[in-house]
>>> print(open('query18.cif').read())   # mmCIF, C-alpha atoms
data_structure
#
loop_
_atom_site.label_atom_id
_atom_site.label_comp_id
_atom_site.auth_asym_id
_atom_site.auth_seq_id
_atom_site.Cartn_x
_atom_site.Cartn_y
_atom_site.Cartn_z
CA MET A 1 -20.70 -12.03 -6.50
CA ASN A 2 -21.28 -9.09 -8.80
CA LYS A 3 -19.41 -5.94 -7.89
CA LYS A 4 -21.10 -2.58 -8.09
CA LYS A 5 -20.27 -0.89 -11.39
CA HIS A 6 -18.91 2.64 -11.42
CA TRP A 7 -18.94 5.19 -14.23
CA TYR A 8 -15.24 4.56 -14.83
CA ASP A 9 -15.88 0.89 -15.52
CA TYR A 10 -17.27 1.95 -18.88
CA LEU A 11 -14.21 3.84 -20.09
CA TRP A 12 -13.53 1.05 -22.60
CA ILE A 13 -16.19 2.78 -24.69
CA TRP A 14 -13.90 5.82 -24.83
CA SER A 15 -11.19 3.66 -26.41
CA ILE A 16 -13.56 2.59 -29.18
CA VAL A 17 -14.80 6.17 -29.67
CA TYR A 18 -11.21 7.43 -29.91
CA PHE A 19 -10.22 5.02 -32.65
CA SER A 20 -13.51 5.55 -34.49
CA LEU A 21 -13.02 9.33 -34.51
CA GLY A 22 -9.63 8.83 -36.16
CA PHE A 23 -11.40 7.32 -39.16
CA PHE A 24 -13.36 10.55 -39.69
CA ASN A 25 -11.02 13.33 -38.65
CA ILE A 26 -7.40 12.68 -37.77
CA LEU A 27 -7.18 15.80 -35.62
CA PHE A 28 -9.09 13.92 -32.91
CA ALA A 29 -5.85 11.97 -32.41
CA TRP A 30 -4.74 14.82 -30.14
CA LEU A 31 -7.31 13.61 -27.59
CA GLY A 32 -4.99 10.66 -27.04
CA MET A 33 -2.68 13.02 -25.19
CA ILE A 34 -5.16 12.68 -22.31
CA ASP A 35 -4.16 9.00 -22.03
CA PHE A 36 -0.55 10.14 -22.11
CA MET A 37 -0.69 12.92 -19.54
CA VAL A 38 -3.25 11.71 -16.98
CA PRO A 39 -1.31 8.55 -15.93
CA LEU A 40 1.79 10.70 -15.43
CA LEU A 41 -0.16 13.20 -13.34
CA PHE A 42 -1.49 10.35 -11.17
CA ALA A 43 2.03 9.02 -10.67
CA VAL A 44 3.87 12.31 -10.19
CA ILE A 45 1.28 14.12 -8.08
CA GLY A 46 -0.62 11.27 -6.40
CA GLY A 47 2.17 8.67 -6.28
CA ASN A 48 -0.17 5.95 -7.50
CA LYS A 49 -1.23 4.04 -10.57
CA GLY A 50 -4.83 5.19 -10.35
CA PHE A 51 -5.04 5.48 -14.11
CA CYS A 52 -4.00 1.86 -14.80
CA ASN A 53 -6.02 0.60 -11.86
CA ARG A 54 -9.28 2.39 -12.62
CA TYR A 55 -9.43 4.68 -15.63
CA CYS A 56 -7.47 3.05 -18.44
CA GLY A 57 -9.94 2.49 -21.28
CA ARG A 58 -7.52 0.34 -23.21
CA GLY A 59 -6.94 -2.11 -20.37
CA GLN A 60 -10.69 -2.30 -19.87
CA LEU A 61 -11.24 -2.89 -23.59
CA PHE A 62 -8.92 -5.90 -23.47
CA ALA A 63 -10.70 -7.14 -20.34
CA VAL A 64 -14.07 -6.79 -22.07
CA ILE A 65 -13.08 -8.39 -25.40
CA GLY A 66 -10.75 -10.98 -23.93
CA GLY A 67 -12.58 -11.63 -20.67
CA SER A 68 -16.30 -11.00 -20.98
CA ALA A 69 -16.48 -11.79 -24.74
CA LYS A 70 -14.06 -14.70 -24.27
CA CYS A 71 -11.84 -13.77 -27.23
CA SER A 72 -8.72 -14.83 -25.37
CA ARG A 73 -7.02 -18.19 -24.92
CA GLY A 74 -6.27 -17.08 -21.37
CA LYS A 75 -2.89 -18.80 -21.32
CA ALA A 76 -0.02 -17.48 -19.23
CA ALA A 77 2.28 -15.24 -21.25
CA PRO A 78 6.00 -16.06 -21.40
CA ARG A 79 7.80 -14.71 -18.34
CA TRP A 80 10.19 -12.53 -20.34
CA LEU A 81 7.23 -10.44 -21.56
CA SER A 82 6.77 -9.02 -18.05
CA SER A 83 10.45 -9.07 -17.11
CA LYS A 84 12.12 -5.81 -16.12
CA TRP A 85 14.61 -5.73 -19.00
CA PHE A 86 11.91 -6.25 -21.63
CA ARG A 87 9.56 -3.72 -20.05
CA TYR A 88 12.22 -1.02 -19.86
CA ALA A 89 13.57 -1.84 -23.34
CA PHE A 90 10.03 -1.54 -24.73
CA LEU A 91 9.56 1.74 -22.87
CA VAL A 92 12.78 3.14 -24.36
CA PHE A 93 11.74 1.96 -27.82
CA PHE A 94 8.35 3.61 -27.44
CA LEU A 95 9.85 6.86 -26.21
CA CYS A 96 12.22 6.85 -29.21
CA MET A 97 9.26 6.36 -31.53
CA PHE A 98 7.42 9.19 -29.77
CA GLY A 99 10.55 11.33 -30.13
CA ASN A 100 10.53 10.54 -33.85
CA ILE A 101 6.92 11.77 -34.08
CA ILE A 102 7.97 15.03 -32.44
CA PHE A 103 10.94 15.29 -34.83
CA GLN A 104 8.74 14.70 -37.90
CA THR A 105 6.31 17.31 -36.56
CA TRP A 106 9.19 19.78 -36.16
CA LEU A 107 10.44 19.08 -39.70
CA VAL A 108 6.98 19.89 -41.07
CA ALA A 109 6.68 22.98 -38.85
CA SER A 110 10.03 24.28 -40.05
CA GLY A 111 9.16 23.64 -43.70
CA ALA A 112 11.90 21.03 -44.23
CA ASN A 113 9.31 18.31 -44.88
CA THR A 114 5.82 18.33 -46.31
CA LEU A 115 2.80 16.85 -44.56
CA ARG A 116 2.31 13.13 -45.17
CA GLU A 117 -1.35 12.20 -44.97
CA ALA A 118 -0.76 8.58 -44.00
CA ILE A 119 -0.50 6.44 -40.91
CA LYS A 120 2.17 3.85 -40.27
CA LEU A 121 1.24 0.58 -38.60
CA PHE A 122 3.89 -1.37 -36.69
CA TRP A 123 6.35 1.37 -37.71
CA THR A 124 6.62 -0.13 -41.19
CA ILE A 125 3.30 -0.46 -43.02
CA ARG A 126 2.26 2.86 -44.55
CA ILE A 127 -1.48 3.26 -45.08
CA PRO A 128 -2.94 6.28 -46.91
CA TRP A 129 -5.25 8.09 -44.48
CA GLY A 130 -5.85 11.30 -46.41
CA TRP A 131 -9.66 11.25 -46.28
CA THR A 132 -9.54 12.19 -42.61
CA TYR A 133 -7.95 15.59 -43.23
CA THR A 134 -8.70 18.59 -45.41
CA ALA A 135 -5.53 20.52 -46.17
CA GLY A 136 -5.42 23.97 -44.67
CA MET A 137 -7.80 23.26 -41.76
CA VAL A 138 -4.98 23.76 -39.27
CA PRO A 139 -1.23 24.40 -39.61
CA ASP A 140 0.41 21.35 -41.23
CA TRP A 141 2.48 20.42 -38.18
CA ILE A 142 -0.66 19.94 -36.08
CA ALA A 143 -1.96 17.47 -38.67
CA GLN A 144 1.46 15.76 -38.93
CA PHE A 145 1.50 15.12 -35.19
CA SER A 146 -2.05 13.73 -35.43
CA PHE A 147 -1.09 11.18 -38.10
CA GLY A 148 2.02 10.14 -36.16
CA PHE A 149 0.35 9.92 -32.78
CA TYR A 150 -2.68 8.05 -34.13
CA SER A 151 -0.28 5.54 -35.73
CA LEU A 152 1.39 4.96 -32.37
CA MET A 153 -1.93 4.58 -30.55
CA LEU A 154 -3.37 2.21 -33.16
CA THR A 155 -0.21 0.13 -33.36
CA SER A 156 -0.01 -0.31 -29.60
CA THR A 157 -3.68 -1.29 -29.43
CA LEU A 158 -3.18 -3.85 -32.20
CA ILE A 159 -0.20 -5.32 -30.33
CA GLY A 160 -2.40 -5.42 -27.22
CA LEU A 161 -5.17 -7.20 -29.12
CA ILE A 162 -2.75 -9.78 -30.51
CA VAL A 163 -1.30 -10.66 -27.09
CA MET A 164 -4.86 -10.58 -25.66
CA ILE A 165 -5.88 -13.33 -28.09
CA PHE A 166 -2.85 -15.54 -27.44
CA TYR A 167 -2.42 -14.98 -23.73
CA LYS A 168 -4.42 -13.46 -20.85
CA PRO A 169 -6.77 -10.57 -21.70
CA ARG A 170 -4.67 -7.82 -20.11
CA THR A 171 -1.26 -9.13 -21.15
CA TRP A 172 -0.57 -5.74 -22.78
CA CYS A 173 -0.65 -4.18 -19.29
CA SER A 174 2.34 -6.27 -18.24
CA PHE A 175 4.60 -4.41 -20.69
CA CYS A 176 2.61 -1.25 -21.46
CA PRO A 177 5.14 1.61 -21.67
CA MET A 178 2.87 3.98 -19.72
CA GLY A 179 2.44 1.34 -17.01
CA THR A 180 6.19 0.78 -16.80
CA MET A 181 6.85 4.50 -16.65
CA THR A 182 4.24 5.23 -13.97
CA GLN A 183 5.28 2.23 -11.85
CA GLY A 184 8.89 3.43 -12.10
CA ILE A 185 7.87 6.91 -10.93
CA CYS A 186 5.84 5.45 -8.06
CA LYS A 187 8.75 3.25 -6.97
CA ILE A 188 11.12 6.22 -6.98
CA ARG A 189 8.60 8.30 -5.01
CA ASN A 190 8.08 5.47 -2.56
CA ASN A 191 11.82 5.00 -2.02
CA LEU A 192 12.27 8.75 -1.52
CA SER A 193 9.48 8.98 1.06
CA ARG A 194 10.83 5.93 2.90
CA GLY A 195 14.29 7.49 2.93
CA ARG A 196 12.87 10.68 4.44
CA SER A 197 11.05 8.93 7.30
CA MET B 1 -13.70 -20.65 9.25
CA ARG B 2 -10.61 -19.62 7.34
CA SER B 3 -10.05 -20.93 3.84
CA LYS B 4 -7.43 -23.57 3.20
CA ARG B 5 -5.68 -21.45 0.63
CA TYR B 6 -4.72 -17.82 0.16
CA ALA B 7 -3.19 -15.78 -2.63
CA LEU B 8 0.21 -14.14 -2.53
CA ALA B 9 1.55 -11.66 -5.12
CA GLU B 10 5.22 -11.64 -5.96
CA LYS B 11 6.26 -8.02 -5.27
CA GLU B 12 9.25 -7.99 -7.59
CA ARG B 13 7.36 -9.24 -10.64
CA CYS B 14 4.06 -7.42 -10.09
CA VAL B 15 3.37 -4.69 -12.67
CA ALA B 16 0.73 -3.00 -10.46
CA CYS B 17 -1.86 -2.96 -13.26
CA GLY B 18 -4.73 -3.60 -10.86
CA ALA B 19 -6.37 -6.41 -12.86
CA CYS B 20 -6.40 -8.59 -9.71
CA MET B 21 -7.88 -5.77 -7.62
CA LYS B 22 -10.80 -5.48 -10.05
CA GLU B 23 -11.33 -9.23 -10.15
CA CYS B 24 -11.25 -9.93 -6.40
CA PRO B 25 -14.79 -10.63 -5.16
CA ARG B 26 -13.73 -9.92 -1.57
CA GLU B 27 -12.05 -6.58 -2.27
CA ALA B 28 -9.04 -7.98 -0.49
CA ILE B 29 -6.49 -6.51 -2.89
CA ARG B 30 -5.05 -3.03 -3.15
CA ILE B 31 -2.20 -1.59 -5.14
CA TYR B 32 0.35 -0.33 -2.66
CA ARG B 33 1.50 3.17 -3.73
CA GLY B 34 1.49 2.19 -7.40
CA CYS B 35 4.28 -0.32 -6.76
CA TYR B 36 2.74 -3.78 -6.31
CA ALA B 37 -0.44 -5.65 -5.37
CA GLN B 38 -0.96 -6.26 -1.69
CA ILE B 39 -3.36 -9.06 -0.76
CA ASP B 40 -5.03 -9.11 2.63
CA GLU B 41 -4.34 -12.65 3.75
CA GLU B 42 -7.18 -12.60 6.29
CA GLN B 43 -9.80 -11.42 3.78
CA CYS B 44 -8.61 -13.76 1.02
CA VAL B 45 -10.65 -16.93 0.55
CA GLY B 46 -8.21 -18.47 -1.93
CA CYS B 47 -10.65 -18.53 -4.86
CA GLY B 48 -7.79 -18.01 -7.31
CA LYS B 49 -9.57 -15.47 -9.53
CA CYS B 50 -6.71 -12.99 -9.15
CA ALA B 51 -4.13 -15.61 -10.09
CA GLY B 52 -6.19 -16.47 -13.16
CA ILE B 53 -6.41 -12.89 -14.41
CA CYS B 54 -2.90 -11.64 -13.53
CA PRO B 55 -1.18 -10.80 -16.84
CA ALA B 56 2.27 -11.25 -15.32
CA SER B 57 1.24 -14.55 -13.68
CA CYS B 58 2.87 -13.40 -10.47
CA ILE B 59 0.14 -14.51 -8.02
CA GLN B 60 0.41 -17.89 -6.36
CA LEU B 61 -2.07 -19.78 -4.24
CA LEU B 62 -0.53 -21.09 -1.06
CA GLN B 63 -1.77 -23.49 1.58
CA ARG B 64 -2.45 -21.90 4.96
CA GLU B 65 -0.48 -23.30 7.80
CA VAL B 66 -2.75 -25.29 10.10
CA GLU B 67 -3.16 -23.62 13.46
CA ALA B 68 -2.40 -25.79 16.42
#
>>> encode(input="query18.cif", output="structure tokens")
Amino acid sequence: MNKKKHWYDYLWIWSIVYFSLGFFNILFAWLGMIDFMVPLLFAVIGGNKGFCNRYCGRGQLFAVIGGSAKCSRGKAAPRWLSSKWFRYAFLVFFLCMFGNIIFQTWLVASGANTLREAIKLFWTIRIPWGWTYTAGMVPDWIAQFSFGFYSLMLTSTLIGLIVMIFYKPRTWCSFCPMGTMTQGICKIRNNLSRGRS
Amino acid sequence: MRSKRYALAEKERCVACGACMKECPREAIRIYRGCYAQIDEEQCVGCGKCAGICPASCIQLLQREVEA
């Protein structure tokens, strides 16, 4: 039985567009903040995981490549990958890495550091990415944040693609930091509303 | 006639990603308040598609109890 497709079922295209844009102009990396803020708004205001459930382009991309295009072994992932301790540890790690991006941005803004026109994959592999930015287009700190944030987005997608190949297509979703954070918020909200009634 | 099997999601281990909800051909699954997947036992025909897609492998197929 084929389900009726909605416009939001094609948001995986957005994921591809986002990463493609980063190859031409790194400043487009800021658009990734949409994927950062919208899930939180859904959780905090709506008390649901509407973003993960319907609008997450990345989850859809894994479903399309791993599911429809059959680029996944489809095996069950190890249980620890979706265990609470691993999910929360990964969330803390990700937040620390995000904090580091903010810190590096602040160092550049304050003049303590100069802009580094490179991205870092898996937090270790530095790749020159200078062709995507012309110095002086915007204040250096805006560009520094772009390089850092794009690195984080690309790294997490690559991790997602690796686990997609080895395990089920959407294995990334089982430990995605945004998913963990929004589910945590929803659980707190749910407990609070139950306590009130 | 009711199916012999039905799916049940383990609340504690569910990550509420919604992969099962998208996969279900009967639209028998919803994500309860962003916390966990809730499967309508009556709607479920036990096809197992949700269990196959679940990234946390937290959905089991159970045998329905035979009604007397």
>>> residues_near_point(input="query18.cif", point="(-2.6, -21.0, 9.9)", cutoff="10 Å", atoms="only C-alpha atoms", output="ChimeraX atom specification")
/B:2-5,63-68
>>> resolve_selection(input="query18.cif", expression="the PyMOL selection byres ((chain A and resi 67) around 12)", output="number ranges by chain")
A: 59-66, 68-74, 164-165, 167-171; B: 19, 23, 52-53
>>> residues_around(input="query18.cif", residues="segment 34-38 of chain A", least_positions_apart="3", cutoff="12 Å", atoms="all atoms listed in the file", output="ChimeraX atom specification")
/A:11,14-15,18,28-31,41-46,48-52,54-59,95,98,149,152-153,176-179,181-182
>>> atom_distance(input="query18.cif", atom1="atom CA of Glu117 of chain A", atom2="atom CA of Ile102 of chain A")
15.9 Å
>>> closest_residue(input="query18.cif", among="A:Thr157, A:Gln183, A:Ser146, A:Asn191", to="Val15 of chain B", atoms="all atoms listed in the file")
A:Gln183
>>> residues_around(input="query18.cif", residues="Ala51 of chain B", least_positions_apart="4", cutoff="9 Å", atoms="only C-alpha atoms", output="list in words")
Ala7, Leu8, Ala9, Cys20, Cys47, Pro55, Ser57, Cys58, Ile59, Gln60 and Leu61 of chain B
